[in-house]
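Okay, final.csv now, which holds CSV, C-alpha atoms and all ligand atoms:
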```csv
chain,number,residue,atom,x,y,z
A,1,MET,CA,-28.5,151.2,58.0
A,2,ASP,CA,-27.4,151.3,61.7
A,3,ILE,CA,-28.7,148.9,64.3
A,4,ASN,CA,-31.5,151.1,65.5
A,5,GLN,CA,-32.8,151.6,62.0
A,6,LEU,CA,-32.6,147.9,61.5
A,7,LYS,CA,-34.6,147.2,64.6
A,8,GLN,CA,-37.2,149.8,63.5
A,9,LYS,CA,-37.5,148.1,60.2
A,10,PHE,CA,-37.9,144.7,61.9
A,11,ILE,CA,-40.8,146.2,63.9
A,12,GLU,CA,-42.4,147.6,60.8
A,13,ILE,CA,-42.4,144.2,59.3
A,14,PHE,CA,-43.0,141.8,62.2
A,15,GLY,CA,-44.7,144.1,64.7
A,16,ASP,CA,-43.8,144.8,68.3
A,17,ASN,CA,-44.8,142.1,70.9
A,18,GLY,CA,-42.8,143.7,73.7
A,19,GLU,CA,-40.1,141.0,73.5
A,20,ALA,CA,-36.5,142.2,73.1
A,21,LEU,CA,-34.9,142.1,69.7
A,22,ARG,CA,-31.5,140.4,69.3
A,23,VAL,CA,-28.8,141.4,66.8
A,24,PHE,CA,-26.1,139.1,65.4
A,25,SER,CA,-23.5,139.7,62.8
A,26,SER,CA,-20.9,137.7,60.9
A,27,PRO,CA,-18.4,139.0,58.3
A,28,GLY,CA,-17.3,138.3,54.8
A,29,ARG,CA,-13.6,137.6,54.3
A,30,VAL,CA,-10.7,138.4,52.1
A,31,ASN,CA,-8.1,135.6,51.5
A,32,LEU,CA,-4.6,137.1,51.5
A,33,ILE,CA,-3.0,133.9,50.2
A,34,GLY,CA,-3.5,130.2,50.0
A,35,GLU,CA,-6.1,129.7,47.2
A,36,HIS,CA,-7.7,126.4,46.4
A,37,THR,CA,-5.7,124.7,49.1
A,38,ASP,CA,-8.3,124.4,51.8
A,39,TYR,CA,-10.1,121.3,50.3
A,40,ASN,CA,-6.7,119.8,49.7
A,41,GLY,CA,-5.8,119.8,53.4
A,42,GLY,CA,-3.5,122.8,52.9
A,43,TYR,CA,-2.9,126.2,54.5
A,44,VAL,CA,-4.9,129.4,54.0
A,45,PHE,CA,-4.5,132.9,55.3
A,46,PRO,CA,-7.8,134.8,55.3
A,47,ALA,CA,-8.9,137.9,57.2
A,48,ALA,CA,-12.5,138.8,58.3
A,49,LEU,CA,-13.9,142.0,56.8
A,50,THR,CA,-16.1,144.6,58.4
A,51,LEU,CA,-18.5,144.0,55.5
A,52,SER,CA,-21.0,141.6,57.0
A,53,SER,CA,-24.4,139.9,57.3
A,54,THR,CA,-26.4,141.3,60.2
A,55,VAL,CA,-29.6,139.8,61.5
A,56,VAL,CA,-32.2,141.2,63.8
A,57,ALA,CA,-34.1,138.3,65.3
A,58,ARG,CA,-36.8,137.4,67.7
A,59,PRO,CA,-37.9,133.9,68.8
A,60,ARG,CA,-41.4,132.7,68.1
A,61,LYS,CA,-43.7,130.4,70.1
A,62,ASP,CA,-44.1,128.0,67.2
A,63,ARG,CA,-41.7,126.2,64.8
A,64,GLN,CA,-42.0,128.7,61.9
A,65,ILE,CA,-38.9,130.5,60.5
A,66,ASN,CA,-39.7,133.8,58.7
A,67,LEU,CA,-36.9,135.3,56.7
A,68,ILE,CA,-36.7,138.7,55.0
A,69,ALA,CA,-33.9,141.0,53.9
A,70,THR,CA,-33.6,144.8,53.8
A,71,ASP,CA,-33.0,144.7,50.0
A,72,LEU,CA,-35.6,142.1,49.1
A,73,GLY,CA,-39.4,142.5,49.1
A,74,ILE,CA,-40.3,138.9,49.6
A,75,MET,CA,-40.7,136.9,52.8
A,76,VAL,CA,-39.7,133.3,53.0
A,77,SER,CA,-41.5,131.1,55.5
A,78,ALA,CA,-40.8,127.5,56.4
A,79,SER,CA,-41.5,125.1,59.2
A,80,LEU,CA,-38.6,123.7,61.1
A,81,ASP,CA,-40.2,120.3,60.5
A,82,GLU,CA,-40.3,120.6,56.7
A,83,LEU,CA,-37.1,122.3,55.7
A,84,GLU,CA,-36.1,119.9,52.9
A,85,LYS,CA,-39.2,121.0,51.0
A,86,HIS,CA,-37.6,124.4,50.4
A,87,LYS,CA,-34.3,123.2,48.9
A,88,ASP,CA,-34.8,124.8,45.5
A,89,ILE,CA,-35.9,128.3,46.5
A,90,LYS,CA,-33.8,131.2,45.2
A,91,TRP,CA,-33.3,133.2,48.3
A,92,GLY,CA,-33.4,131.7,51.7
A,93,ASN,CA,-31.8,128.3,51.0
A,94,TYR,CA,-28.6,129.2,52.8
A,95,GLN,CA,-30.5,130.0,56.0
A,96,LEU,CA,-32.9,127.0,55.7
A,97,GLY,CA,-30.0,124.8,54.8
A,98,VAL,CA,-28.1,125.8,58.0
A,99,ALA,CA,-31.3,125.3,60.1
A,100,ASP,CA,-31.7,121.8,58.6
A,101,GLU,CA,-28.0,120.8,59.2
A,102,LEU,CA,-28.1,122.2,62.7
A,103,GLN,CA,-31.1,120.0,63.5
A,104,LYS,CA,-29.5,117.0,61.9
A,105,ALA,CA,-26.5,117.6,64.1
A,106,GLY,CA,-28.8,117.5,67.2
A,107,TYR,CA,-29.4,121.1,67.9
A,108,LYS,CA,-32.8,122.0,69.3
A,109,LEU,CA,-34.1,125.0,67.5
A,110,VAL,CA,-37.0,127.3,68.0
A,111,GLY,CA,-39.1,129.2,65.4
A,112,CYS,CA,-38.0,132.8,64.8
A,113,ASP,CA,-38.5,136.0,62.7
A,114,MET,CA,-35.3,137.2,61.1
A,115,LEU,CA,-34.5,140.4,59.2
A,116,PHE,CA,-31.2,140.2,57.2
A,117,HIS,CA,-29.0,143.2,56.2
A,118,ASP,CA,-26.1,142.3,54.0
A,119,THR,CA,-23.2,144.6,53.2
A,120,VAL,CA,-20.9,142.0,51.6
A,121,PRO,CA,-21.4,142.4,47.9
A,122,LEU,CA,-23.2,139.3,46.7
A,123,GLY,CA,-21.4,136.8,44.5
A,124,SER,CA,-18.2,138.8,44.6
A,125,GLY,CA,-15.8,136.2,46.1
A,126,LEU,CA,-15.8,137.8,49.5
A,127,SER,CA,-17.9,135.1,51.1
A,128,SER,CA,-21.3,136.7,51.3
A,129,SER,CA,-22.7,133.2,51.5
A,130,ALA,CA,-20.5,132.2,54.4
A,131,ALA,CA,-21.4,135.4,56.2
A,132,ILE,CA,-25.1,134.6,55.9
A,133,GLU,CA,-24.6,130.9,56.9
A,134,VAL,CA,-22.6,131.7,60.0
A,135,VAL,CA,-24.8,134.5,61.2
A,136,THR,CA,-27.8,132.2,60.8
A,137,ALA,CA,-26.1,129.4,62.7
A,138,ILE,CA,-25.2,131.6,65.7
A,139,THR,CA,-28.6,133.2,65.8
A,140,LEU,CA,-30.6,129.9,65.6
A,141,VAL,CA,-28.3,128.2,68.2
A,142,THR,CA,-28.4,131.1,70.6
A,143,LEU,CA,-32.2,131.4,70.5
A,144,GLY,CA,-32.7,127.6,70.4
A,145,ASN,CA,-30.5,127.1,73.4
A,146,GLU,CA,-32.3,129.8,75.4
A,147,ALA,CA,-35.7,128.4,74.5
A,148,HIS,CA,-34.7,124.9,75.6
A,149,GLY,CA,-32.7,125.9,78.7
A,150,VAL,CA,-29.4,124.7,77.3
A,151,ASN,CA,-26.5,126.6,78.9
A,152,SER,CA,-23.5,125.5,76.9
A,153,GLY,CA,-21.8,128.2,74.9
A,154,ILE,CA,-21.6,128.2,71.2
A,155,ASP,CA,-18.8,126.1,69.5
A,156,MET,CA,-17.8,128.5,66.7
A,157,VAL,CA,-15.7,126.0,64.9
A,158,GLU,CA,-18.7,123.7,64.8
A,159,MET,CA,-20.8,126.5,63.5
A,160,ALA,CA,-18.3,126.9,60.6
A,161,LYS,CA,-18.4,123.2,59.8
A,162,ILE,CA,-22.2,123.0,59.9
A,163,SER,CA,-22.4,126.1,57.6
A,164,GLN,CA,-20.0,124.4,55.2
A,165,THR,CA,-22.2,121.3,55.1
A,166,ALA,CA,-25.2,123.5,54.3
A,167,GLU,CA,-23.3,125.0,51.4
A,168,HIS,CA,-22.5,121.5,50.1
A,169,ASN,CA,-26.1,120.1,50.5
A,170,TYR,CA,-28.2,123.2,49.8
A,171,VAL,CA,-26.1,125.3,47.5
A,172,GLY,CA,-24.3,122.5,45.7
A,173,VAL,CA,-20.8,124.0,46.0
A,174,ASN,CA,-18.4,121.4,47.3
A,175,CYS,CA,-16.4,124.2,49.1
A,176,GLY,CA,-13.6,123.9,51.7
A,177,ILE,CA,-13.8,125.2,55.2
A,178,MET,CA,-11.9,128.5,54.7
A,179,ASP,CA,-14.8,131.0,54.2
A,180,GLN,CA,-17.0,129.7,57.0
A,181,PHE,CA,-14.0,129.4,59.4
A,182,ALA,CA,-12.9,133.0,58.7
A,183,SER,CA,-16.4,134.3,59.1
A,184,ALA,CA,-16.8,132.5,62.5
A,185,MET,CA,-13.3,132.9,63.9
A,186,GLY,CA,-12.1,136.3,62.5
A,187,LYS,CA,-10.4,138.8,64.8
A,188,ALA,CA,-10.0,142.5,64.3
A,189,ASN,CA,-6.6,143.5,62.8
A,190,HIS,CA,-5.5,139.9,62.5
A,191,ALA,CA,-5.4,137.4,59.7
A,192,ILE,CA,-6.0,133.7,60.4
A,193,PHE,CA,-3.3,131.2,59.6
A,194,LEU,CA,-5.3,128.0,59.3
A,195,ASP,CA,-4.2,124.5,58.7
A,196,CYS,CA,-7.1,122.9,57.0
A,197,LYS,CA,-5.9,119.4,57.7
A,198,ASP,CA,-6.8,119.6,61.4
A,199,LEU,CA,-8.2,123.1,61.8
A,200,SER,CA,-5.4,124.2,64.0
A,201,PHE,CA,-5.0,128.0,63.6
A,202,GLU,CA,-3.2,131.1,64.8
A,203,HIS,CA,-4.4,134.7,64.7
A,204,VAL,CA,-1.4,136.7,63.2
A,205,PRO,CA,-1.3,140.5,63.7
A,206,LEU,CA,-1.8,142.4,60.5
A,207,ASP,CA,0.6,145.2,61.0
A,208,LEU,CA,0.8,146.7,57.6
A,209,LYS,CA,2.9,149.8,58.5
A,210,GLY,CA,1.5,152.5,56.2
A,211,TYR,CA,0.0,150.1,53.7
A,212,ARG,CA,-3.7,149.3,53.2
A,213,ILE,CA,-5.6,146.3,51.9
A,214,VAL,CA,-7.5,147.3,48.8
A,215,ILE,CA,-10.1,145.0,47.3
A,216,SER,CA,-11.0,145.5,43.7
A,217,ASN,CA,-14.3,144.0,42.4
A,218,THR,CA,-14.4,142.9,38.8
A,219,LYS,CA,-18.2,143.1,38.9
A,220,LYS,CA,-18.1,140.3,36.4
A,221,LYS,CA,-21.2,138.1,36.6
A,222,ARG,CA,-19.9,134.6,37.6
A,223,SER,CA,-21.4,131.9,35.4
A,224,LEU,CA,-20.8,128.2,35.9
A,225,GLY,CA,-18.7,129.0,39.0
A,226,ALA,CA,-20.0,126.1,41.0
A,227,VAL,CA,-19.5,123.6,38.2
A,228,LYS,CA,-15.9,124.7,37.5
A,229,TYR,CA,-15.1,124.8,41.2
A,230,ASN,CA,-16.3,121.2,41.7
A,231,GLU,CA,-14.4,120.2,38.6
A,232,ARG,CA,-11.1,121.6,40.0
A,233,ARG,CA,-11.7,119.7,43.2
A,234,SER,CA,-12.2,116.4,41.3
A,235,GLU,CA,-9.0,117.1,39.3
A,236,CYS,CA,-7.1,117.4,42.6
A,237,GLU,CA,-8.6,114.2,43.9
A,238,ALA,CA,-7.5,112.4,40.7
A,239,GLY,CA,-4.0,113.7,41.2
A,240,LEU,CA,-4.0,112.6,44.8
A,241,GLU,CA,-5.1,109.1,43.9
A,242,ILE,CA,-2.0,108.7,41.6
A,243,LEU,CA,0.5,110.2,44.1
A,244,LYS,CA,-0.9,108.0,46.9
A,245,LYS,CA,0.4,104.9,45.2
A,246,ALA,CA,3.9,106.3,45.2
A,247,ILE,CA,4.0,108.1,48.5
A,248,PRO,CA,2.7,105.8,51.2
A,249,GLY,CA,0.6,107.2,54.1
A,250,ILE,CA,-0.6,110.4,52.6
A,251,SER,CA,-4.2,111.4,52.7
A,252,CYS,CA,-4.3,114.8,51.1
A,253,LEU,CA,-2.2,117.0,48.8
A,254,GLY,CA,-1.4,119.2,51.8
A,255,GLU,CA,0.8,116.5,53.2
A,256,ILE,CA,3.0,116.3,50.1
A,257,SER,CA,6.2,118.3,50.1
A,258,ALA,CA,7.6,120.1,47.0
A,259,GLU,CA,10.4,117.5,46.8
A,260,GLN,CA,8.0,114.6,46.9
A,261,PHE,CA,6.0,116.2,44.2
A,262,GLU,CA,9.0,116.9,42.0
A,263,LYS,CA,10.1,113.3,42.4
A,264,ASN,CA,6.8,111.8,41.5
A,265,LYS,CA,5.1,114.3,39.2
A,266,HIS,CA,5.9,112.2,36.1
A,267,LEU,CA,3.4,109.7,37.3
A,268,ILE,CA,0.6,112.1,36.6
A,269,THR,CA,0.3,111.8,32.9
A,270,ASP,CA,-2.7,114.0,32.4
A,271,GLU,CA,-1.1,117.4,32.0
A,272,VAL,CA,-4.2,119.3,33.3
A,273,VAL,CA,-4.3,117.3,36.5
A,274,ARG,CA,-0.5,117.7,36.9
A,275,LYS,CA,-0.8,121.5,36.7
A,276,ARG,CA,-3.6,121.6,39.2
A,277,VAL,CA,-1.6,119.6,41.7
A,278,GLU,CA,1.5,121.7,41.1
A,279,HIS,CA,-0.4,124.8,42.0
A,280,VAL,CA,-1.6,123.3,45.2
A,281,ILE,CA,1.8,122.1,46.3
A,282,TYR,CA,3.6,125.4,45.7
A,283,GLU,CA,0.7,127.6,46.9
A,284,ASP,CA,0.8,125.8,50.2
A,285,ASP,CA,4.5,126.6,50.5
A,286,ARG,CA,3.8,130.2,49.7
A,287,VAL,CA,1.4,130.5,52.6
A,288,LEU,CA,4.1,129.3,55.0
A,289,LYS,CA,6.6,131.7,53.6
A,290,SER,CA,4.1,134.6,53.6
A,291,VAL,CA,3.2,134.1,57.2
A,292,GLU,CA,6.9,134.0,58.1
A,293,ALA,CA,7.6,137.2,56.1
A,294,LEU,CA,4.6,139.0,57.7
A,295,LYS,CA,5.8,138.1,61.2
A,296,LYS,CA,9.2,139.5,60.4
A,297,GLY,CA,7.6,142.7,59.0
A,298,ASP,CA,8.9,141.9,55.5
A,299,LEU,CA,6.0,143.2,53.6
A,300,HIS,CA,7.8,143.2,50.3
A,301,SER,CA,8.4,139.4,50.3
A,302,PHE,CA,4.8,139.0,51.3
A,303,GLY,CA,3.8,141.0,48.2
A,304,ARG,CA,6.0,139.0,46.0
A,305,TYR,CA,4.4,135.7,47.1
A,306,MET,CA,1.0,137.3,46.4
A,307,ILE,CA,2.1,137.9,42.8
A,308,GLU,CA,3.5,134.4,42.4
A,309,SER,CA,0.2,133.1,43.7
A,310,HIS,CA,-1.8,135.0,41.1
A,311,ASN,CA,0.4,133.8,38.3
A,312,SER,CA,0.0,130.2,39.4
A,313,LEU,CA,-3.8,130.6,39.6
A,314,ARG,CA,-3.7,132.0,36.1
A,315,ASP,CA,-1.3,129.6,34.5
A,316,LEU,CA,-1.7,126.3,36.4
A,317,TYR,CA,-5.1,126.4,38.1
A,318,GLU,CA,-6.7,128.4,35.3
A,319,VAL,CA,-9.3,130.2,37.4
A,320,THR,CA,-8.6,133.9,36.6
A,321,GLY,CA,-9.6,135.3,33.2
A,322,LEU,CA,-9.4,138.7,31.5
A,323,GLU,CA,-11.1,140.7,34.3
A,324,LEU,CA,-9.0,139.4,37.2
A,325,ASP,CA,-5.8,139.4,35.2
A,326,THR,CA,-6.4,143.0,34.1
A,327,LEU,CA,-7.0,144.2,37.6
A,328,VAL,CA,-3.8,142.6,38.8
A,329,GLU,CA,-1.7,143.8,35.9
A,330,GLU,CA,-3.0,147.4,36.2
A,331,ALA,CA,-2.5,147.3,40.0
A,332,LEU,CA,1.1,146.3,39.6
A,333,LYS,CA,1.8,149.3,37.4
A,334,ILE,CA,1.0,151.7,40.3
A,335,ASP,CA,4.0,152.9,42.3
A,336,GLY,CA,3.3,152.0,45.9
A,337,VAL,CA,1.6,148.6,45.2
A,338,ILE,CA,3.7,145.7,46.6
A,339,GLY,CA,1.4,142.8,45.9
A,340,SER,CA,-1.8,141.9,44.1
A,341,ARG,CA,-3.7,138.7,43.4
A,342,MET,CA,-7.2,137.3,42.8
A,343,THR,CA,-8.9,136.2,46.0
A,344,GLY,CA,-11.5,133.5,46.6
A,345,ALA,CA,-12.6,130.9,44.1
A,346,GLY,CA,-11.8,133.0,40.9
A,347,PHE,CA,-13.8,133.0,37.7
A,348,GLY,CA,-14.6,136.7,38.4
A,349,GLY,CA,-15.0,138.1,41.9
A,350,CYS,CA,-12.3,140.2,43.5
A,351,THR,CA,-8.6,140.9,43.7
A,352,VAL,CA,-6.7,141.9,46.8
A,353,SER,CA,-3.8,144.4,46.7
A,354,ILE,CA,-1.4,145.8,49.3
A,355,VAL,CA,-1.2,149.5,48.5
A,356,ARG,CA,0.9,152.3,50.2
A,357,GLU,CA,-1.5,154.6,52.0
A,358,ASP,CA,-0.6,157.7,49.9
A,359,ALA,CA,-1.1,155.7,46.7
A,360,VAL,CA,-4.7,154.5,47.4
A,361,ASP,CA,-6.5,157.3,45.6
A,362,ARG,CA,-4.4,157.1,42.5
A,363,PHE,CA,-4.8,153.3,42.6
A,364,ILE,CA,-8.5,153.5,42.5
A,365,GLU,CA,-8.5,156.1,39.8
A,366,ASP,CA,-5.9,154.6,37.5
A,367,VAL,CA,-6.8,150.9,37.9
A,368,GLY,CA,-10.5,151.8,37.6
A,369,SER,CA,-10.1,153.7,34.3
A,370,ALA,CA,-7.7,151.2,32.7
A,371,TYR,CA,-10.0,148.4,33.7
A,372,THR,CA,-13.1,150.0,32.2
A,373,GLN,CA,-11.1,150.7,29.0
A,374,LYS,CA,-10.1,147.1,28.6
A,375,THR,CA,-13.2,145.3,29.7
A,376,GLY,CA,-16.1,147.8,29.4
A,377,ILE,CA,-17.0,147.1,33.0
A,378,THR,CA,-16.9,149.6,35.9
A,379,ALA,CA,-15.0,148.1,38.8
A,380,GLU,CA,-15.7,148.8,42.5
A,381,PHE,CA,-13.1,149.3,45.2
A,382,TYR,CA,-13.1,148.8,49.0
A,383,VAL,CA,-10.3,150.0,51.2
A,384,SER,CA,-10.9,147.3,53.8
A,385,GLU,CA,-10.7,147.1,57.5
A,386,VAL,CA,-10.1,143.7,59.2
A,387,GLY,CA,-13.0,143.0,61.6
A,388,ASP,CA,-14.2,140.4,64.1
A,389,GLY,CA,-15.8,137.1,63.5
A,390,GLY,CA,-19.4,136.1,64.1
A,391,ARG,CA,-20.9,137.4,67.4
A,392,GLU,CA,-24.0,138.8,69.1
A,393,ILE,CA,-24.1,142.6,69.1
A,394,LYS,CA,-25.4,143.9,72.4
B,401,LIG,C1,-14.2,129.4,47.7
B,401,LIG,C2,-14.5,128.3,48.6
B,401,LIG,C3,-13.3,128.1,49.6
B,401,LIG,C4,-12.0,128.0,48.9
B,401,LIG,C5,-11.9,129.1,47.9
B,401,LIG,C6,-10.6,129.0,47.0
B,401,LIG,O1,-14.2,130.7,48.4
B,401,LIG,O2,-15.7,128.5,49.4
B,401,LIG,O3,-13.6,127.0,50.4
B,401,LIG,O4,-11.9,126.8,48.3
B,401,LIG,O5,-13.0,129.2,47.0
B,401,LIG,O6,-9.5,129.1,47.8
```

Turn the structure described in the file into structure tokens.
Ligand code: GLA
Amino acid sequence: MDINQLKQKFIEIFGDNGEALRVFSSPGRVNLIGEHTDYNGGYVFPAALTLSSTVVARPRKDRQINLIATDLGIMVSASLDELEKHKDIKWGNYQLGVADELQKAGYKLVGCDMLFHDTVPLGSGLSSSAAIEVVTAITLVTLGNEAHGVNSGIDMVEMAKISQTAEHNYVGVNCGIMDQFASAMGKANHAIFLDCKDLSFEHVPLDLKGYRIVISNTKKKRSLGAVKYNERRSECEAGLEILKKAIPGISCLGEISAEQFEKNKHLITDEVVRKRVEHVIYEDDRVLKSVEALKKGDLHSFGRYMIESHNSLRDLYEVTGLELDTLVEEALKIDGVIGSRMTGAGFGGCTVSIVREDAVDRFIEDVGSAYTQKTGITAEFYVSEVGDGGREIK
């Protein structure tokens, strides 16, 4: 649906009161490398997609929030004064969670009608939830500021942080900052090199010289994703506690060098915890090397680090599984593929591959059929463009 059709749909649902409709949009993301490093104070290297969550919105005179989506028949309504009451609803808790966290952070909001249109495939590891959270945040803050005569602009990094808090408190996933940051701060044709220790970042041009980013979706239903995600996070914290005693002054795994880890890893006697920490330490290193390689135009090294990253997520972090491993294995058999790895949290979701332009069609055909043969599932493929972060569309 284009913007005009969306506005039309909004009017069909909420009616026309003569007041202008506003449109906001915020993207999903693909992470190129740096997985499960963000909540360890490490580096990540995501890029915003052109798949997005778009909202048509109009402020109301009262404190009521009405939410509906183009692909859902139900309307969720809540008062801005009673948001906590709706914590357990199935659809709408991302949006109401963001509204609640914004108010707790001191933002003055206003009631509004909102129609959502999402093109990021849900639950696919491409941050459909961050896209919804961030677009909700910028919509509510823009309309709230206008209603209350506040002229300050929007602090996009703060929108990302508040969206992350909503995900912790309303969705129950103890996620890092990567997804919300990428959705808020993305830039067309650039990836974001982000240091999650202090949120310093750099937009790095994605000059892929005849290559494309191809995303392959396992279409595997993720079960227990949140539980396993939170479990990995606790394992890293357990490892950190042990290393802290040996390496004074450190506050996160992202501050530990590979040498320091090698010298002290024997102190972590639980093998599972040691493997998790080893992944984080070397994955962090790979991000630095990948960014270096990309800046030098050395795509082949970049691809090699992607493959190493996948292997580490499979063997040390143990978040891949048959579907993701099959997609990567089959991708690497195709002439013209220089790198492939799972992207996002894992346990299903998507892979990201760097594929020579003239090999893209063959990639989709061959990987698709081998995947179906091995898993019985039909994969989906997206040849992705790198888009801008959250914004109002005028
Ligand atoms: C999910 C989380 C992110 C990050 C990735 C793994 O996408 O939301 O914060 O931890 O998993 O890299």

*Hey, which of A:Gly111, A:Gly97, A:Gly172, A:Gly344 ends up closest to A:Leu80? Count all atoms listed in the file.*
A:Gly111

_Contacts with ligand LIG 401 (chain B) at most 6 Å, only C-alpha atoms and all ligand atoms counted, listed as a PyMOL selection string_ = chain A and resi 35-38+175-179+344-345

*asked:* Neighbouring residues of A:Cys252 were defined as those with any atom within 6 Å, considering all atoms listed in the file; residues of the same chain fewer than 2 positions away were excluded. Please report them as a list in words.
replied: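 The contact residues come out as Asn40, Gly41, Ile250, Gly254 and Glu255 of chain A.
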
*asked:* Please report the interatomic distance between atom CA of A:Pro46 and atom CA of A:Ile192 in Å with one decimal.
replied: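 Answer for the atom CA of A:Pro46 to atom CA of A:Ile192 separation: 5.5 Å.
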
*Please provide the set of residues having any atom within 12 Å of A:Cys350, restricted to only C-alpha atoms, with same-chain residues fewer than 3 positions apart removed, written as a ChimeraX atom specification.*
/A:29-32,120-127,214-222,310,320-321,323-328,340-347,353,379-382

*Show me as a list in words the residues that reach within 9 Å of (-27.9, 148.4, 63.0), counting all atoms listed in the file and using the file's own coordinates.*
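These residues have at least one counted atom within 9 Å: Met1, Asp2, Ile3, Asn4, Gln5, Leu6, Lys7, Val23, Thr54, Val55, Val56 and His117 of chain A.
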
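Taking atom CA of A:Glu329 and atom CA of A:Glu308 as endpoints, the distance between them is 12.6 Å.
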
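Counting only C-alpha atoms and comparing A:Glu101, A:Glu278, A:Glu133, A:Glu84, the residue that lies closest to A:Ser53 is A:Glu133.
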
*asked:* To one decimal place in Å, what is the distance between atom CA of A:Arg212 and atom CA of A:Ala184?
replied: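 Atom-to-atom, atom CA of A:Arg212 and atom CA of A:Ala184 are spaced 23.2 Å apart.
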